[in-house]
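Structure data (compact mmCIF, C-alpha atoms) from work_23.txt:
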```
# COMPACT_ATOMS: atom_id res chain seq x y z
CA MET A 1 83.64 -16.92 78.72
CA ASN A 2 86.06 -19.65 79.84
CA GLU A 3 88.49 -19.17 82.72
CA SER A 4 91.52 -18.12 80.65
CA SER A 5 89.61 -15.64 78.49
CA ARG A 6 87.98 -14.25 81.64
CA GLU A 7 91.42 -13.62 83.16
CA ALA A 8 92.75 -12.19 79.86
CA TYR A 9 89.78 -9.81 79.81
CA ASN A 10 90.35 -8.78 83.44
CA ALA A 11 94.05 -8.18 82.72
CA ALA A 12 93.24 -6.01 79.69
CA ARG A 13 90.52 -4.15 81.56
CA ILE A 14 92.76 -3.25 84.50
CA LYS A 15 95.61 -2.24 82.19
CA ALA A 16 93.22 0.01 80.28
CA LEU A 17 92.04 1.58 83.53
CA GLU A 18 95.54 2.14 84.90
CA SER A 19 96.64 3.58 81.57
CA LEU A 20 93.72 6.03 81.48
CA LEU A 21 94.25 7.11 85.10
CA ILE A 22 97.91 7.89 84.32
CA GLU A 23 97.00 9.83 81.16
CA LYS A 24 94.40 11.85 83.05
CA GLY A 25 96.79 12.84 85.86
CA ILE A 26 94.99 10.93 88.60
CA ILE A 27 97.89 8.59 89.43
CA THR A 28 101.41 8.33 88.02
CA SER A 29 103.12 5.58 86.05
CA GLU A 30 104.87 4.60 89.30
CA THR A 31 101.96 4.63 91.77
CA VAL A 32 100.82 1.01 91.60
CA ASP A 33 104.40 -0.34 91.61
CA GLN A 34 105.21 1.80 94.64
CA VAL A 35 102.19 0.52 96.55
CA ILE A 36 103.11 -3.11 95.81
CA ASP A 37 106.73 -2.44 96.71
CA PHE A 38 105.63 -0.95 100.05
CA PHE A 39 103.75 -4.15 100.93
CA GLU A 40 106.76 -6.25 99.98
CA LYS A 41 109.22 -4.25 102.09
CA ASP A 42 107.49 -2.23 104.83
CA MET A 43 104.10 -3.62 105.77
CA GLY A 44 103.77 -7.36 105.94
CA PRO A 45 103.59 -10.52 108.03
CA PHE A 46 107.32 -10.20 108.71
CA ASN A 47 106.43 -7.37 111.15
CA GLY A 48 103.85 -9.48 112.97
CA ALA A 49 106.32 -12.38 113.20
CA LYS A 50 108.88 -10.12 114.92
CA ILE A 51 106.24 -8.87 117.37
CA VAL A 52 105.14 -12.42 118.23
CA ALA A 53 108.75 -13.60 118.66
CA LYS A 54 109.45 -10.73 121.05
CA ALA A 55 106.27 -11.50 123.01
CA TRP A 56 107.43 -15.12 123.36
CA VAL A 57 110.80 -14.24 124.85
CA ASP A 58 109.82 -11.17 126.88
CA PRO A 59 106.83 -11.64 129.25
CA GLU A 60 106.68 -7.96 130.16
CA PHE A 61 106.49 -6.99 126.52
CA LYS A 62 103.76 -9.59 125.96
CA GLN A 63 101.72 -8.18 128.83
CA ARG A 64 102.02 -4.68 127.42
CA LEU A 65 101.19 -5.93 123.92
CA LEU A 66 97.96 -7.48 125.23
CA GLU A 67 97.03 -4.42 127.27
CA ASP A 68 98.05 -1.63 124.94
CA THR A 69 99.01 -3.02 121.55
CA PRO A 70 99.96 0.27 119.80
CA SER A 71 102.30 1.44 122.55
CA ALA A 72 104.02 -1.97 122.75
CA ILE A 73 104.52 -2.01 118.98
CA ALA A 74 105.81 1.57 119.06
CA GLN A 75 108.61 0.34 121.37
CA MET A 76 109.96 -1.86 118.60
CA ASN A 77 112.30 -0.89 115.84
CA LEU A 78 109.79 -1.43 113.02
CA PRO A 79 109.26 0.78 109.94
CA ARG A 80 107.17 3.92 110.48
CA GLY A 81 103.55 3.15 109.68
CA MET A 82 102.60 0.57 112.29
CA ALA A 83 99.65 2.82 113.16
CA GLY A 84 99.04 3.55 109.48
CA ALA A 85 96.46 2.29 107.01
CA GLU A 86 94.35 -0.48 108.55
CA GLY A 87 96.53 -0.43 111.63
CA GLU A 88 95.05 2.64 113.29
CA HIS A 89 93.38 0.52 115.97
CA MET A 90 95.08 -2.87 116.37
CA LYS A 91 94.72 -5.32 119.23
CA ALA A 92 96.69 -8.49 120.00
CA ILE A 93 94.99 -11.49 121.62
CA GLU A 94 96.68 -14.59 122.94
CA ASN A 95 96.16 -18.29 122.27
CA THR A 96 96.70 -20.54 125.29
CA PRO A 97 95.96 -24.22 125.99
CA ASP A 98 92.59 -23.03 127.42
CA VAL A 99 91.57 -20.47 124.78
CA HIS A 100 91.90 -20.59 121.00
CA ASN A 101 91.15 -17.39 119.05
CA LEU A 102 90.15 -17.23 115.41
CA ILE A 103 89.69 -13.99 113.44
CA VAL A 104 87.11 -13.60 110.69
CA CYS A 105 85.44 -10.70 108.89
CA THR A 106 81.98 -11.90 107.90
CA LEU A 107 81.03 -8.66 106.13
CA CYS A 108 84.21 -8.20 104.12
CA SER A 109 87.95 -8.72 104.63
CA CYS A 110 89.25 -6.31 107.32
CA TYR A 111 92.84 -7.22 108.21
CA PRO A 112 95.70 -5.56 110.16
CA TRP A 113 97.87 -4.53 107.23
CA PRO A 114 100.91 -3.13 109.08
CA VAL A 115 101.60 -6.35 110.99
CA LEU A 116 100.11 -8.99 108.68
CA GLY A 117 100.22 -7.36 105.26
CA LEU A 118 97.35 -8.09 102.90
CA PRO A 119 94.82 -10.84 103.55
CA PRO A 120 95.44 -14.18 101.86
CA TYR A 121 92.80 -15.74 99.62
CA TRP A 122 91.40 -18.07 102.31
CA PHE A 123 90.59 -15.14 104.61
CA LYS A 124 88.54 -13.49 101.84
CA ASP A 125 86.84 -16.73 100.78
CA PRO A 126 83.05 -16.44 101.32
CA THR A 127 82.98 -20.08 102.47
CA PHE A 128 85.53 -19.41 105.21
CA ARG A 129 83.65 -16.28 106.29
CA ALA A 130 80.30 -18.11 106.37
CA ARG A 131 81.47 -21.21 108.19
CA ALA A 132 84.13 -19.95 110.63
CA ILE A 133 81.55 -18.01 112.63
CA ARG A 134 79.26 -21.03 113.25
CA GLU A 135 81.49 -24.13 113.16
CA PRO A 136 85.02 -22.89 113.93
CA ARG A 137 86.25 -26.28 115.20
CA LYS A 138 85.18 -28.03 112.01
CA VAL A 139 86.79 -25.28 109.92
CA LEU A 140 90.02 -25.45 111.93
CA LYS A 141 90.07 -29.21 111.47
CA GLU A 142 90.08 -28.63 107.72
CA PHE A 143 93.06 -26.36 108.27
CA GLY A 144 94.71 -29.33 110.02
CA LEU A 145 94.12 -28.08 113.55
CA ASP A 146 92.44 -30.16 116.25
CA ILE A 147 91.07 -28.05 119.09
CA PRO A 148 90.32 -30.19 122.16
CA GLU A 149 86.79 -30.03 123.63
CA THR A 150 88.26 -28.61 126.82
CA THR A 151 89.60 -25.55 124.99
CA GLU A 152 87.31 -22.56 124.64
CA VAL A 153 87.03 -21.18 121.11
CA ARG A 154 86.61 -17.44 120.62
CA VAL A 155 85.75 -16.18 117.15
CA TRP A 156 86.30 -12.46 116.56
CA ASP A 157 84.19 -10.85 113.84
CA THR A 158 85.98 -7.72 112.64
CA SER A 159 82.85 -5.67 112.12
CA ALA A 160 84.01 -2.16 113.13
CA GLN A 161 87.34 -0.46 113.82
CA ILE A 162 89.63 -2.94 115.63
CA ARG A 163 92.01 -5.07 113.60
CA TRP A 164 92.90 -8.16 115.66
CA PHE A 165 95.89 -10.42 115.46
CA VAL A 166 96.70 -13.55 117.44
CA ILE A 167 99.81 -14.31 119.46
CA PRO A 168 100.02 -18.04 118.79
CA GLU A 169 101.32 -20.55 121.34
CA ARG A 170 105.08 -20.91 121.34
CA PRO A 171 106.11 -24.38 120.15
CA ALA A 172 107.55 -26.51 122.94
CA SER A 173 110.85 -27.40 121.27
CA THR A 174 112.14 -23.85 120.84
CA GLU A 175 113.91 -23.19 124.13
CA GLY A 176 116.97 -21.08 123.65
CA TRP A 177 116.01 -19.89 120.19
CA THR A 178 116.78 -16.30 119.23
CA GLU A 179 113.97 -13.89 118.34
CA GLU A 180 115.12 -14.07 114.75
CA GLN A 181 114.86 -17.87 114.66
CA LEU A 182 111.44 -17.72 116.30
CA ALA A 183 110.15 -15.05 113.92
CA ALA A 184 111.11 -17.26 110.98
CA VAL A 185 108.56 -19.94 111.95
CA VAL A 186 105.56 -17.64 112.59
CA THR A 187 103.06 -17.72 109.70
CA PRO A 188 100.21 -15.34 108.79
CA GLU A 189 97.79 -18.28 109.31
CA ALA A 190 99.03 -18.71 112.90
CA MET A 191 98.54 -14.98 113.53
CA GLN A 192 94.89 -15.27 112.46
CA GLY A 193 94.29 -18.37 114.55
CA ALA A 194 93.95 -20.73 111.60
CA ALA A 195 97.17 -22.65 112.31
CA LYS A 196 99.60 -23.49 115.07
CA VAL A 197 103.24 -22.59 114.74
CA GLN A 198 104.98 -25.71 113.53
CA VAL A 199 108.62 -26.49 114.06
CA SER A 200 110.33 -29.03 111.90
CA THR A 201 112.17 -31.58 114.07
CA SER A 202 115.21 -31.40 111.79
CA ILE A 203 116.05 -27.82 112.92
CA MET B 204 68.29 -7.15 102.59
CA LYS B 205 71.25 -8.56 100.73
CA LEU B 206 72.58 -12.08 101.04
CA GLN B 207 76.09 -10.65 101.42
CA HIS B 208 75.06 -9.09 104.78
CA TYR B 209 73.91 -12.50 106.00
CA LEU B 210 76.96 -14.49 104.92
CA GLY B 211 77.90 -15.47 108.50
CA GLY B 212 76.40 -18.91 109.13
CA LEU B 213 75.26 -19.56 105.54
CA GLU B 214 75.14 -23.32 105.03
CA GLY B 215 75.90 -25.67 102.16
CA LEU B 216 78.97 -23.87 100.84
CA GLY B 217 81.29 -26.87 101.09
CA ARG B 218 85.01 -26.73 101.61
CA ILE B 219 87.17 -23.66 101.99
CA ASN B 220 89.63 -22.46 99.39
CA PHE B 221 92.90 -22.74 101.35
CA GLU B 222 94.92 -20.63 98.92
CA LYS B 223 97.53 -18.80 100.99
CA ARG B 224 98.64 -16.32 98.36
CA VAL B 225 97.37 -12.74 98.49
CA PHE B 226 97.25 -12.30 94.72
CA VAL B 227 96.81 -15.21 92.35
CA GLN B 228 96.54 -13.32 89.04
CA PRO B 229 99.09 -10.55 88.34
CA TRP B 230 96.30 -8.09 87.43
CA GLU B 231 94.89 -8.35 90.97
CA LYS B 232 97.88 -6.38 92.29
CA ARG B 233 97.11 -3.55 89.88
CA ILE B 234 93.49 -3.02 91.02
CA PHE B 235 94.62 -3.22 94.65
CA GLY B 236 97.22 -0.50 93.98
CA ILE B 237 94.65 1.72 92.28
CA HIS B 238 92.23 1.37 95.20
CA VAL B 239 94.97 2.32 97.71
CA ALA B 240 95.85 5.35 95.58
CA MET B 241 92.21 6.44 95.52
CA MET B 242 91.99 6.12 99.32
CA ALA B 243 95.21 8.12 99.69
CA LEU B 244 94.03 10.83 97.29
CA SER B 245 90.51 11.03 98.74
CA GLN B 246 89.54 14.66 99.08
CA HIS B 247 88.39 14.33 102.70
CA LEU B 248 92.09 14.10 103.65
CA GLU B 249 93.72 17.51 104.20
CA THR B 250 97.03 16.28 102.74
CA ALA B 251 95.31 15.00 99.59
CA LYS B 252 93.67 18.38 98.92
CA VAL B 253 97.06 19.95 98.20
CA THR B 254 98.38 17.03 96.14
CA PRO B 255 98.60 17.71 92.37
CA THR B 256 96.23 14.93 91.32
CA LYS B 257 93.20 15.29 89.09
CA PHE B 258 91.27 13.00 91.46
CA LYS B 259 88.67 15.23 93.09
CA SER B 260 86.39 12.73 94.79
CA VAL B 261 86.01 11.18 98.21
CA TRP B 262 86.91 7.49 98.19
CA THR B 263 87.03 5.40 101.36
CA TRP B 264 86.49 1.75 102.27
CA ALA B 265 82.86 2.64 102.73
CA ASN B 266 82.54 3.58 99.04
CA LEU B 267 84.06 0.30 97.91
CA ARG B 268 81.94 -1.69 100.36
CA LYS B 269 78.78 0.06 99.21
CA LEU B 270 79.49 -0.98 95.63
CA ALA B 271 80.23 -4.61 96.56
CA GLU B 272 77.27 -4.92 98.91
CA GLY B 273 74.99 -3.21 96.42
CA MET B 274 75.69 -5.94 93.84
CA ASN B 275 73.18 -8.53 92.76
CA PRO B 276 73.87 -11.28 95.33
CA PHE B 277 74.22 -13.93 92.64
CA ASP B 278 76.89 -11.84 90.94
CA TYR B 279 78.56 -11.23 94.31
CA PHE B 280 79.29 -14.95 94.62
CA LYS B 281 80.02 -15.48 90.92
CA TYR B 282 82.88 -12.98 90.79
CA CYS B 283 86.11 -13.43 92.69
CA TYR B 284 87.24 -10.90 95.29
CA TYR B 285 89.29 -8.59 93.08
CA GLU B 286 86.87 -8.89 90.16
CA LYS B 287 84.35 -7.15 92.41
CA TRP B 288 86.91 -4.41 93.06
CA LEU B 289 87.67 -4.09 89.36
CA SER B 290 84.05 -3.81 88.35
CA GLY B 291 83.12 -1.45 91.23
CA ILE B 292 86.09 0.87 90.75
CA SER B 293 85.72 0.89 86.95
CA SER B 294 82.07 1.88 87.16
CA PHE B 295 82.94 4.57 89.72
CA PHE B 296 85.43 6.20 87.31
CA VAL B 297 82.95 5.99 84.42
CA GLU B 298 79.94 7.25 86.39
CA SER B 299 81.97 10.10 87.96
CA GLY B 300 82.98 11.27 84.48
CA TYR B 301 86.74 10.64 84.77
CA VAL B 302 86.70 8.03 82.00
CA SER B 303 84.25 7.51 79.14
CA THR B 304 82.84 4.08 78.32
CA THR B 305 84.08 4.43 74.76
CA GLU B 306 87.71 5.24 75.60
CA PHE B 307 87.71 2.50 78.23
CA ASP B 308 86.45 -0.07 75.71
CA ILE B 309 88.91 1.06 73.02
CA LYS B 310 91.86 0.82 75.45
CA THR B 311 90.67 -2.61 76.63
CA GLU B 312 90.66 -3.83 73.00
CA ILE B 313 94.22 -2.56 72.52
CA PHE B 314 95.50 -4.47 75.56
CA LEU B 315 93.46 -7.56 74.66
CA GLU B 316 95.05 -7.67 71.20
CA LYS B 317 98.56 -6.87 72.38
CA SER B 318 98.94 -7.58 76.09
CA ASP B 319 102.55 -6.37 76.22
CA THR B 320 101.62 -2.82 75.15
CA SER B 321 103.33 -0.60 77.71
CA LEU B 322 101.66 1.87 80.05
CA PRO B 323 102.22 5.61 79.52
CA HIS B 324 104.98 7.37 81.47
CA SER B 325 103.68 10.37 83.30
CA GLY B 326 102.88 11.95 86.66
CA LYS B 327 104.18 14.13 89.44
CA PRO B 328 106.17 12.54 92.30
CA GLU B 329 104.07 14.44 94.88
CA ILE B 330 101.19 12.10 94.04
CA ASP B 331 103.20 9.01 94.97
CA ASN B 332 104.59 10.67 98.08
CA GLN B 333 101.03 11.28 99.27
CA VAL B 334 100.06 7.64 98.57
CA ILE B 335 102.95 6.24 100.62
CA GLU B 336 102.43 8.82 103.37
CA TYR B 337 98.77 7.78 103.61
CA LEU B 338 99.86 4.15 104.07
CA ARG B 339 102.13 5.24 106.91
CA VAL B 340 99.69 7.58 108.65
CA GLY B 341 96.34 5.93 107.91
CA ASP B 342 92.94 7.55 108.42
CA SER B 343 91.66 6.84 111.91
CA PRO B 344 87.87 6.83 112.32
CA LYS B 345 88.28 8.07 115.91
CA CYS B 346 86.99 11.60 116.34
CA LYS B 347 86.64 14.26 118.98
CA ALA B 348 83.02 14.49 120.06
CA ASP B 349 81.57 14.90 123.53
CA ILE B 350 79.38 11.81 123.46
CA LYS B 351 79.24 9.46 126.43
CA PRO B 352 78.62 5.74 125.87
CA LYS B 353 75.12 4.66 126.89
CA PHE B 354 76.15 1.18 128.00
CA SER B 355 78.72 -0.32 130.37
CA VAL B 356 80.77 -3.49 130.65
CA GLY B 357 78.54 -6.38 131.79
CA ASP B 358 75.27 -4.94 130.41
CA ILE B 359 73.16 -7.58 128.70
CA LEU B 360 71.88 -6.09 125.47
CA THR B 361 69.78 -6.98 122.45
CA ILE B 362 70.95 -6.19 118.95
CA LYS B 363 68.44 -4.28 116.83
CA ASN B 364 67.08 -5.51 113.54
CA PRO B 365 67.12 -2.43 111.30
CA LEU B 366 66.23 -2.80 107.65
CA PRO B 367 69.62 -3.31 106.00
CA THR B 368 70.29 -0.94 103.16
CA GLU B 369 72.78 -1.41 100.34
CA HIS B 370 75.66 -0.90 102.78
CA CYS B 371 75.45 -2.21 106.30
CA LYS B 372 77.86 -2.61 109.24
CA LEU B 373 75.75 -5.12 111.19
CA PRO B 374 76.33 -8.80 110.41
CA GLY B 375 72.96 -10.43 109.69
CA TYR B 376 73.39 -13.34 112.09
CA LEU B 377 73.53 -10.99 115.12
CA ARG B 378 70.13 -9.42 114.58
CA ASN B 379 67.70 -9.77 117.51
CA LYS B 380 70.36 -11.67 119.49
CA LYS B 381 71.38 -11.12 123.11
CA GLY B 382 74.97 -10.41 124.07
CA VAL B 383 76.96 -8.90 126.90
CA VAL B 384 79.21 -5.84 126.71
CA ASP B 385 82.81 -7.03 127.02
CA VAL B 386 84.64 -3.78 126.22
CA VAL B 387 83.47 -0.18 125.86
CA TYR B 388 86.02 1.23 123.42
CA GLU B 389 87.48 4.53 124.46
CA GLY B 390 86.29 7.49 122.45
CA VAL B 391 83.88 8.03 119.62
CA TYR B 392 84.16 6.74 116.07
CA ASN B 393 83.10 8.25 112.82
CA TYR B 394 81.97 6.34 109.78
CA PRO B 395 82.59 8.10 106.46
CA LEU B 396 79.21 7.28 104.95
CA GLN B 397 75.61 7.36 106.16
CA THR B 398 74.54 3.76 105.76
CA GLY B 399 70.83 4.54 106.10
CA ASP B 400 70.36 2.28 109.11
CA GLY B 401 71.83 4.57 111.78
CA VAL B 402 75.60 4.39 111.24
CA GLY B 403 77.34 7.44 109.84
CA ASP B 404 77.28 9.88 112.76
CA PRO B 405 80.06 9.70 115.39
CA MET B 406 79.18 7.18 118.10
CA PRO B 407 80.68 4.78 120.66
CA ILE B 408 81.53 1.21 119.68
CA TYR B 409 81.40 -1.85 121.92
CA SER B 410 82.91 -5.31 121.84
CA ILE B 411 79.92 -7.56 122.48
CA LYS B 412 80.32 -11.17 123.54
CA PHE B 413 77.73 -13.69 122.33
CA ASP B 414 77.26 -17.30 123.32
CA SER B 415 77.37 -19.13 120.01
CA HIS B 416 74.35 -21.19 121.18
CA GLU B 417 72.33 -18.00 121.63
CA ILE B 418 72.78 -17.47 117.88
CA TRP B 419 72.87 -20.94 116.33
CA GLY B 420 71.23 -23.13 118.95
CA ASN B 421 72.38 -26.72 118.76
CA LEU B 422 73.83 -26.19 115.29
CA THR B 423 77.03 -24.77 116.75
CA GLU B 424 79.87 -26.31 118.74
CA PRO B 425 80.52 -26.59 122.50
CA LYS B 426 82.44 -23.85 124.34
CA THR B 427 82.30 -21.39 121.47
CA TRP B 428 81.96 -17.63 121.87
CA ILE B 429 81.60 -14.90 119.27
CA TYR B 430 82.93 -11.39 119.79
CA ALA B 431 81.81 -8.62 117.46
CA ASP B 432 82.37 -4.87 117.42
CA ILE B 433 78.96 -3.21 117.38
CA TYR B 434 78.07 0.43 116.72
CA GLU B 435 75.86 1.94 119.40
CA ALA B 436 73.12 2.65 116.84
CA TYR B 437 72.60 -1.10 116.51
CA ILE B 438 71.90 -1.69 120.21
CA GLU B 439 68.49 -1.67 121.94
CA ASN B 440 68.20 0.02 125.31
CA PRO B 441 68.38 -2.68 127.97
CA ILE B 442 65.07 -3.35 129.69
```

As structure tokens - that is how I would like this structure written.
Amino acid sequence: MNESSREAYNAARIKALESLLIEKGIITSETVDQVIDFFEKDMGPFNGAKIVAKAWVDPEFKQRLLEDTPSAIAQMNLPRGMAGAEGEHMKAIENTPDVHNLIVCTLCSCYPWPVLGLPPYWFKDPTFRARAIREPRKVLKEFGLDIPETTEVRVWDTSAQIRWFVIPERPASTEGWTEEQLAAVVTPEAMQGAAKVQVSTSI
Amino acid sequence: MKLQHYLGGLEGLGRINFEKRVFVQPWEKRIFGIHVAMMALSQHLETAKVTPTKFKSVWTWANLRKLAEGMNPFDYFKYCYYEKWLSGISSFFVESGYVSTTEFDIKTEIFLEKSDTSLPHSGKPEIDNQVIEYLRVGDSPKCKADIKPKFSVGDILTIKNPLPTEHCKLPGYLRNKKGVVDVVYEGVYNYPLQTGDGVGDPMPIYSIKFDSHEIWGNLTEPKTWIYADIYEAYIENPI
């Protein structure tokens, strides 16, 4: 089977399954659309970006976020569900010039849905999962990130209940920015430790 | 053992796929949505028991993981992420008697011939309310049980090497390795499935810190540490 017929088969197979599940009263004709809609509007990396931006401008909030992530997040005006599916036990960790954190799930693809949404392809890639745990610096270099030898690298394997996310370093040229402006430059990659937050000099 | 339990550290895989999208093919969204609905309608949830769905099974992450980890390892790497979901979830519905192979094949043919054939319109809104409520509330594995953790912060421990079964919560590369307890998580955690190697009953979980050199020797990088969450059943008593 070539690539396009394989995808056509997958598409037909899933449509057949969804259709049968609706006919049999297991789900409704709206269920899948509602789930997707929820991840576009309520749970996604836009929540994590707001949390990081607040941590950057408010040291007390950052301290609380590091010590007791759920209670710090509960302080914020985010949609209900930040302790919901895959966010029941979340923990923030901080990148500094001395410590760089990288998150990986070598057994599967665990990911903090409420703050980061659904995992991107690279996070689920078996090659990333295999290599990040043994040669994180080499892997990060392929992501375009040079970690100096003086910086400690901590790799977190999500093998039980905690879903980690990283507070990246705040870019130097962002003094005076509003939380909204800051949130706009935070990427999901940065919140998993696979990228730094980049600021275009033209801003 | 299964290769998929020993993925951490596997060599010779080449470069990473840097794709940043969550879904590449439109059908991938559909299988994701079905899996979430199954988790939300799983009959171990009190709220799902009173929802007017015909789904009468228990379905958690553990069930999906068991199917993926139970796969032939060569197939595991041949199929993409959501293809594994599609095949695992499809076989679950067929084997549990919700859908027959024949009707599934007939429907597939219909959509293969005419891909714009529309889906049926049906269902009670209570089903969707339960699905969204599940996403908001979640399903915490933390449980009330009077079990005290055996180990404390700073203890140097050895990870056991139990025979991995088709579903396993212990990454292969940590077996027989020494680490130090960094955090004793508060409380006791349940796992919804007996994995056959000790996990399944409520137990404490620890964050264990490993020196990367303890695991990979000189084949790792300087100043690198690995932190993994480890179920108590996977830890030897310290000598």

Exercise for the section: Return the neighbours of chain A among the residues of chain B, cut-off 6 Å, counting only C-alpha atoms, as a PyMOL selection string. Expected result: chain B and resi 210-213+216+219-225+230+236+256-258+310-311+314-315+322+324-326+331+338-341+343+423+426-432

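Taking atom CA of Glu435 of chain B and atom CA of Pro405 of chain B as the two end points, the separation is 9.7 Å.
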
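Picture a line from atom CA of Tyr376 of chain B to atom CA of Gln207 of chain B; it runs 11.3 Å.
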
Completion exercise
atom CA of Ala195 of chain A sits from atom CA of Lys50 of chain A at a separation of 17.3 Å

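Nearest residue to Lys327 of chain B among B:Glu231, B:Pro344, B:Pro425, B:Thr254 is B:Thr254, counting only C-alpha atoms.
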
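Distance annotation: of B:Pro374, B:Pro395, B:Gly403, B:Gly390, the residue with the minimal separation from Lys205 of chain B is B:Pro374; atom set is all atoms listed in the file.
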
Practice task
Skip Lys269 of chain B itself and residues of its chain fewer than 4 positions away, then list as a list in words all residues within 10 Å of it, counting all atoms listed in the file.
Solution key: Trp264, Ala265, Gly273, Met274, Gly291, Thr368, Glu369, His370, Cys371, Leu396 and Thr398 of chain B

Problem - segment 182-186 of chain A surroundings by all atoms listed in the file, 10 Å radius, close-in-sequence under 3 positions cut, as a ChimeraX atom specification - result: /A:45-54,56-57,167-168,170-171,174-179,189-191,195-200

Resulting file, chosen residues, C-alpha atoms, as an mmCIF file, in the coordinates of the input:
```
data_model
loop_
_atom_site.group_PDB
_atom_site.id
_atom_site.type_symbol
_atom_site.label_atom_id
_atom_site.label_comp_id
_atom_site.auth_asym_id
_atom_site.auth_seq_id
_atom_site.Cartn_x
_atom_site.Cartn_y
_atom_site.Cartn_z
ATOM 1 C CA PRO A 45 103.590 -10.520 108.030
ATOM 2 C CA PHE A 46 107.320 -10.200 108.710
ATOM 3 C CA ASN A 47 106.430 -7.370 111.150
ATOM 4 C CA GLY A 48 103.850 -9.480 112.970
ATOM 5 C CA ALA A 49 106.320 -12.380 113.200
ATOM 6 C CA LYS A 50 108.880 -10.120 114.920
ATOM 7 C CA ILE A 51 106.240 -8.870 117.370
ATOM 8 C CA VAL A 52 105.140 -12.420 118.230
ATOM 9 C CA ALA A 53 108.750 -13.600 118.660
ATOM 10 C CA LYS A 54 109.450 -10.730 121.050
ATOM 11 C CA TRP A 56 107.430 -15.120 123.360
ATOM 12 C CA VAL A 57 110.800 -14.240 124.850
ATOM 13 C CA ILE A 167 99.810 -14.310 119.460
ATOM 14 C CA PRO A 168 100.020 -18.040 118.790
ATOM 15 C CA ARG A 170 105.080 -20.910 121.340
ATOM 16 C CA PRO A 171 106.110 -24.380 120.150
ATOM 17 C CA THR A 174 112.140 -23.850 120.840
ATOM 18 C CA GLU A 175 113.910 -23.190 124.130
ATOM 19 C CA GLY A 176 116.970 -21.080 123.650
ATOM 20 C CA TRP A 177 116.010 -19.890 120.190
ATOM 21 C CA THR A 178 116.780 -16.300 119.230
ATOM 22 C CA GLU A 179 113.970 -13.890 118.340
ATOM 23 C CA GLU A 189 97.790 -18.280 109.310
ATOM 24 C CA ALA A 190 99.030 -18.710 112.900
ATOM 25 C CA MET A 191 98.540 -14.980 113.530
ATOM 26 C CA ALA A 195 97.170 -22.650 112.310
ATOM 27 C CA LYS A 196 99.600 -23.490 115.070
ATOM 28 C CA VAL A 197 103.240 -22.590 114.740
ATOM 29 C CA GLN A 198 104.980 -25.710 113.530
ATOM 30 C CA VAL A 199 108.620 -26.490 114.060
ATOM 31 C CA SER A 200 110.330 -29.030 111.900
#
```

Handout entry: Residue contacts of His238 of chain B (10 Å, all atoms listed in the file) excluding same-chain residues fewer than 6 positions away, as an MDAnalysis selection string
Key = (chainID A and resid 32) or (chainID B and resid 244 262:264 267 288:289 292)

Practice task
Please identify all polymer residues within 7 Å of segment 354-367 of chain B, counting all atoms listed in the file, omitting same-chain residues fewer than 3 positions from it, and present them as a ChimeraX atom specification.
Solution key: /B:204,371,377-387,400,437-439,441

Practice task
Considering only C-alpha atoms, return as a ChimeraX atom specification whatever protein or nucleic-acid residues lie within 12 Å of Asp349 of chain B, sequence-local ones (same chain, fewer than 4 positions apart) excluded.
Solution key: /B:389-392,405-407
